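Asks: Below is a structure I'd like to ask you about.
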Amino acid sequence: MNLKNLKHKLFFIILTVAVASSCGDKDNQANTGIDDENLNIDYSIHKLDEKLTWISNDNEPIIASPKAKKGGTFNSFILTFPLTFRTLGPDANNYTRTYFLENQLSLISYNEDTDKIMPELATHWAYGKDGRTMYFKINPEAQWSDGTPVTADDFIFTIEFMRSKHINDPWYNDYYTTEIEKVTKYSDHLISVTASKKIPDLWNTVGISPTPKHFYGKLNSGFVSDYNWKTEPNTGPYILKEYSKGKYLLFERKKDWWAKDHRYNKNRFNVDYFKLTVIRDDVVALEHFKKGELDSFGATRAEIWYQKAKGEVFDKGYINKLWYYNQARRPTWGLYLNLDKDIFKDKNLRYALAHSINFDKINKQVLWDEATRMQTFYTGYGKYTNTKVKAREFNLAKVDSLMKASGWKKGNDAIWEKDGNRFSVTITYGQPLLTPRVEIMKEEAKKAGIELNLELLDPSTSYKKVMEKKHDVAYMGWSTSFRPSPWQSFHSDNAHKPQTNNINNLDDPEMDKLINKYRNSTDENELIALSHKIQERISESGGWIPLDILPFTRAFYWRWIKIPDIPGYKTTSDIFSYPAAGGYFWIDEDVKKETLEAMKSNKSFKPELNIITKYK
């Protein structure tokens with residue numbers, strides 16, 4: 001499991017992925033501009049004085065199947081293309097960045113089934129006596145995709161790069177300044193990374209990824225535009241081979257990848273190409289899938305699983321079904337209220353809106369009663385989750401009481417009014433699949449005297465509007481990190497400004513105090529207690545209305561796509577989307593030929609439903 005998304009910035013979820021661009025080698029030339037920021041980054045070689053006990057780990061269970069075959073093109077789709085190929089800076093914090101981040105390896109990896117560290121770019125690691133430092137032996141075989149060796153300087157450059165004002169990314173600036181003190185070089189392949197304080201799960205902070213120093217050189221004020229469509233060299237199994245704006249992305253497996261024969265990589269990353277075609281409507285994409293033009297289709301949502309698995313391709317066993325129970329941290333699906341909007345400055349109105357959302361009706365009518373209600377913002381984090389926090393239930397009487405307490409009265413159309421203003425707000429969302437749900441929200445909220453206007457936008461347009469803080473209410477979710485990471489989402493440092501994750505614009509001095517204590521704490525018990533208090537404060541703010549969670553992932557896939565008996569970890573939430581994150585599936589070309597011939601001759605196979613309950 002790559003640490004990049006476990007510990008770094010949250011990213012915006014729009015149910016399916018959004019990426020694309022255009023071709024041309026000239027776009028991949030490094031910027032050689034000079035701008036010395038006086039960051040006092042030390043690239044000199046230091047003497048290693050500390051006696052260390054080196055650790056490695058080649059004993060974790062293997063998921064990949066020895067039956068796996070190399071070759072073929074895996075075809076998937078994306079609803080839209082991103083606004084940038086950068087993984088940081090303006091417009092970069094979207095779902096599609098995962099395709100790039102998961103191909104940038106970290107020093108170490110982590111097995112969430114066994115809670116053990118595993119080697120990735122580092123072959124060995126050791127803990128310093130100060131309790132803040134870990135030492136790493138960099139694999140001398142490690143290479144960037146352009147053939148340049150990975151060295152200690154690339155890890156030091158990560159600090160220089162992430163702290164630079166030119167990347168225009170406050171989250172990375174803050175994280176690599178406040179959480180990581182330094183990277184120290186002892187040789188080209190021996191470094192230490194020091195955290196700013198003693199913390200539980202030290203590995204999760206200091207197990208950083210390198211940044212290709214030779215590619216970027218010196219940064220300047222033109223970074224954001226200069227690198228908008230450049231493809232950064234990477235260390236993982238796939239690299240973007242070609243792309244066409246608005247049409248497709250094609251990732252290619254590196255046949256000579258430096259880590260292909262390592263124990264944890266064998267029989268993984270099997271497809272030669274991973275093609276993402278832009279299809280702007282998921283209903284249309286499903287039809288492409290049924291024609292065999294796409295190899296899998298996400299079917300976690302009940303309306304897809306139960307209502308769309310119809311037709312000859314399903315009945316005759318050409319397409320298989322997968323139901324995979326998991327114990328993943330739960331993305332924060334819900335309604336995000338923009339507290340900078342005048343109507344939401346009154347907390348009673350925020351609570352009233354929450355009490356007007358009829359989750360049970362949505363669950364029964366749209367979600368086949370399979371979902372459960374998320375109660376607290378950080379769900380699935382074990383001891384860090386506050387199980388005492390509860391979502392506000394649908395209750396028209398409470399809406400009535402709250403509105404009257406704030407001096408509002410029902411108008412002629414039964415919508416609440418005050419001083420010439422109506423309780424009328426717009427829900428912005430970026431996925432047609434959500435339309436049946438928001439339509440029920442609208443109907444039920446009207447009974448409560450609240451008018452909800454529905455605004456369905458293209459995923460990229462929706463994302464941009466929300467990140468620019470121009471929404472009233474956003475229906476969306478954020479992905480998860482290894483531990484609760486409240487600063488980026490709820491600290492006032494990130495309020496009232498675009499391109500930050502505090503899309504609520506929550507500006508609460510008491511919340512700031514809790515978050516500051518949380519960030520500075522070195523005691524796990526205190527961290528857990530603070531996490532609980534922060535979740536209570538989030539709920540009290542009324543700025544986020546939690547919605548549904550599902551304890552599984554589901555998919556349709558053509559029978560030529562093969563998977564291991566257990567194709568993931570307990571936290572795996574998608575079996576097919578990210579070849580670098582999992583990469584356990586493969587294409588059986590013989591079965592593909594057999595299936596295509598059977599379709600021509602009207603031959604049938606026994607339909608296959610694969611239900612995996614190991615992590616239920």
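To be explicit about the labels: the chains of the structure tokens are called A, B, and onward in the order shown, and within each one the residues are counted from 1, while ligands get numbers from 1 in the order they are shown.
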If you run DSSP on the backbone, which residues of region 2-198 of chain A are strand (DSSP E or B), as an MDAnalysis selection string?
Replies: chainID A and resid 2 12:13 18 45 55 73:78 80 108:111 116:119 122:127 133:138 143 149 180:187 190:195
Asks: Hey, what's within 8 Å of Leu506 (chain A) if we count only C-alpha atoms and toss same-chain stuff fewer than 2 positions away? As a ChimeraX atom specification, please?
Replies: /A:339,490-492,495,502-504,508,543
Asks: So that I can check the surroundings of region 282-294 of chain A, please list as a PyMOL selection string every protein, DNA and RNA residue that reaches within 8 Å of it, counting only C-alpha atoms and ignoring chain neighbours fewer than 3 positions away.
Replies: chain A and resi 74-77+79+279+297+313+432-433+558
Asks: Write the residues of the selection above to a file with C-alpha atoms, as a compact mmCIF listing (two decimals), in the first residue's frame.
Replies:
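The result, written out as again.txt:
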```
# COMPACT_ATOMS: atom_id res chain seq x y z
CA PHE A 74 -7.46 -2.61 -19.57
CA ASN A 75 -10.14 -0.17 -20.71
CA SER A 76 -11.86 2.08 -18.22
CA PHE A 77 -13.50 5.50 -18.37
CA LEU A 79 -16.32 11.46 -16.82
CA ILE A 279 -17.29 9.37 -21.43
CA PHE A 297 -17.85 -0.92 -14.26
CA VAL A 313 -24.36 -10.13 -21.57
CA PRO A 432 -26.04 12.44 -12.49
CA LEU A 433 -26.19 9.32 -10.33
CA TRP A 558 -15.98 -9.13 -18.19
```
Asks: Please indicate the distance in Å from CA of Thr194 (chain A) to CA of Thr123 (chain A), rounded to one decimal place.
Replies: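 Interatomic distance here is 18.4 Å.
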Asks: Which residues come within 8 Å of region 182-186 of chain A, counting only C-alpha atoms, excluding same-chain residues fewer than 6 positions away, as a list in words?
Replies: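 Returned residues: Asp42, Tyr43, Ser44, Ile45, His46, Lys47, Leu48, Ala152, Asp153, Phe155, Ile156, Ile159, Ser192, Val193, Thr194 and Ala195 of chain A.
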Asks: Any chance you could export the current selection's C-alpha atoms as a PDB file, in the first residue's frame?
Replies:
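So the final result, stored in result.pdb, reads:
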```pdb
ATOM      1  CA  ASP A  42      21.148  21.323   3.259  1.00  0.00           C
ATOM      2  CA  TYR A  43      22.385  18.974   0.523  1.00  0.00           C
ATOM      3  CA  SER A  44      25.785  18.327   2.137  1.00  0.00           C
ATOM      4  CA  ILE A  45      26.880  14.869   3.323  1.00  0.00           C
ATOM      5  CA  HIS A  46      26.855  14.325   7.085  1.00  0.00           C
ATOM      6  CA  LYS A  47      28.624  11.763   9.239  1.00  0.00           C
ATOM      7  CA  LEU A  48      26.411   9.080  10.736  1.00  0.00           C
ATOM      8  CA  ALA A 152      19.211  11.212  -1.409  1.00  0.00           C
ATOM      9  CA  ASP A 153      19.070  14.597  -3.133  1.00  0.00           C
ATOM     10  CA  PHE A 155      14.290  13.370  -0.894  1.00  0.00           C
ATOM     11  CA  ILE A 156      15.957  16.570   0.268  1.00  0.00           C
ATOM     12  CA  ILE A 159      11.427  19.419   1.410  1.00  0.00           C
ATOM     13  CA  SER A 192      17.264  10.188   7.733  1.00  0.00           C
ATOM     14  CA  VAL A 193      13.959  12.015   7.964  1.00  0.00           C
ATOM     15  CA  THR A 194      13.190  13.886  11.181  1.00  0.00           C
ATOM     16  CA  ALA A 195       9.703  14.827  12.319  1.00  0.00           C
TER      17      ALA A 195
END
```
Asks: Nearest residue to Leu434 (chain A) out of A:Tyr578, A:Trp333, A:Phe157, A:Tyr557, using only C-alpha atoms?
Replies: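 Counting only C-alpha atoms, the residue closest to Leu434 (chain A) is A:Trp333.
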Asks: May I ask which of the residues A:Glu443, A:Ile357, A:Tyr318, A:Asn421 is the closest one to Lys606 (chain A), counting only C-alpha atoms?
Replies: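 Counting only C-alpha atoms, the residue closest to Lys606 (chain A) is A:Tyr318.
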Asks: Tell me which protein, DNA and RNA residues are within 9 Å of Ile319 (chain A), counting only C-alpha atoms, leaving out same-chain ones fewer than 2 positions away, and put them as a ChimeraX atom specification.
Replies: /A:290,296,313-317,321,556-560,607-608
Asks: Would you kindly return, as a list in words, each protein, DNA or RNA residue with an atom no farther than 8 Å from any atom of Pro200 (chain A), considering only C-alpha atoms and excluding same-chain residues fewer than 2 positions away?
Replies: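 Within the cut-off, the hits are Lys198, Leu202, Thr522, Asp523 and Glu524 of chain A.
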Asks: Grab the residues selected above and save them as a compact mmCIF listing (two decimals), in the first residue's frame with N, CA, C and O atoms.
Replies:
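Result went into result27.txt, see below:
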```txt
# COMPACT_ATOMS: atom_id res chain seq x y z
N LYS A 198 7.93 14.11 18.58
CA LYS A 198 7.67 12.70 18.78
C LYS A 198 6.18 12.44 18.59
O LYS A 198 5.35 13.11 19.18
N LEU A 202 5.14 7.21 13.70
CA LEU A 202 6.19 8.06 13.13
C LEU A 202 6.42 7.75 11.67
O LEU A 202 6.62 8.65 10.84
N THR A 522 1.95 14.82 21.21
CA THR A 522 2.82 13.67 20.98
C THR A 522 2.32 12.44 21.73
O THR A 522 2.97 11.40 21.70
N ASP A 523 1.17 12.58 22.39
CA ASP A 523 0.63 11.48 23.19
C ASP A 523 -0.61 10.92 22.51
O ASP A 523 -1.57 11.65 22.21
N GLU A 524 -0.63 9.61 22.28
CA GLU A 524 -1.74 9.02 21.53
C GLU A 524 -3.07 9.16 22.25
O GLU A 524 -4.10 9.43 21.62
```
Asks: Give the alpha helix (DSSP H) residues of region 188-258 of chain A, as assigned by DSSP on the backbone, as number ranges by chain.
Replies: A: 202-206, 213-216, 223-226
Asks: For CA of Gln327 (chain A) and CA of Thr205 (chain A), determine how far apart the two atoms are, in Å to one decimal place.
Replies: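 About the pair CA of Gln327 (chain A) and CA of Thr205 (chain A): they are 22.8 Å apart.
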Asks: Just want the 6 Å neighbourhood of Lys241 (chain A), counted on only C-alpha atoms, with same-chain residues fewer than 2 positions away dropped. Output as an MDAnalysis selection string.
Replies: chainID A and resid 239 250:252
Asks: Any idea what the distance is between CA of Arg97 (chain A) and CA of Pro579 (chain A)?
Replies: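 Pair CA of Arg97 (chain A) / CA of Pro579 (chain A) returns 13.6 Å.
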Asks: Can you work out which one of A:Trp54, A:Phe223, A:Tyr463, A:Trp416 has the shortest atom-to-atom distance to Asp169 (chain A), counting only C-alpha atoms?
Replies: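 For Asp169 (chain A), the nearest of the candidates is A:Phe223.
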Asks: Compare A:Val389, A:Leu83, A:Ala302, A:Leu530 by their minimum atom-to-atom distance to Arg373 (chain A), counting only C-alpha atoms, and give me the closest one.
Replies: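 Result for the nearest residue to Arg373 (chain A): A:Val389.
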Asks: Between A:Ile563, A:Tyr475, A:Ser145, A:Arg554, which residue has the minimum interatomic distance to Glu303 (chain A), considering only C-alpha atoms?
Replies: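 Of A:Ile563, A:Tyr475, A:Ser145, A:Arg554, the one nearest Glu303 (chain A), counting only C-alpha atoms, is A:Arg554.
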Asks: Counting only C-alpha atoms, which of A:Ile343, A:Ile362, A:Ile528, A:Val224 gets nearest to His166 (chain A)?
Replies: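 Answer, going by the shortest atom-to-atom distance: A:Val224.
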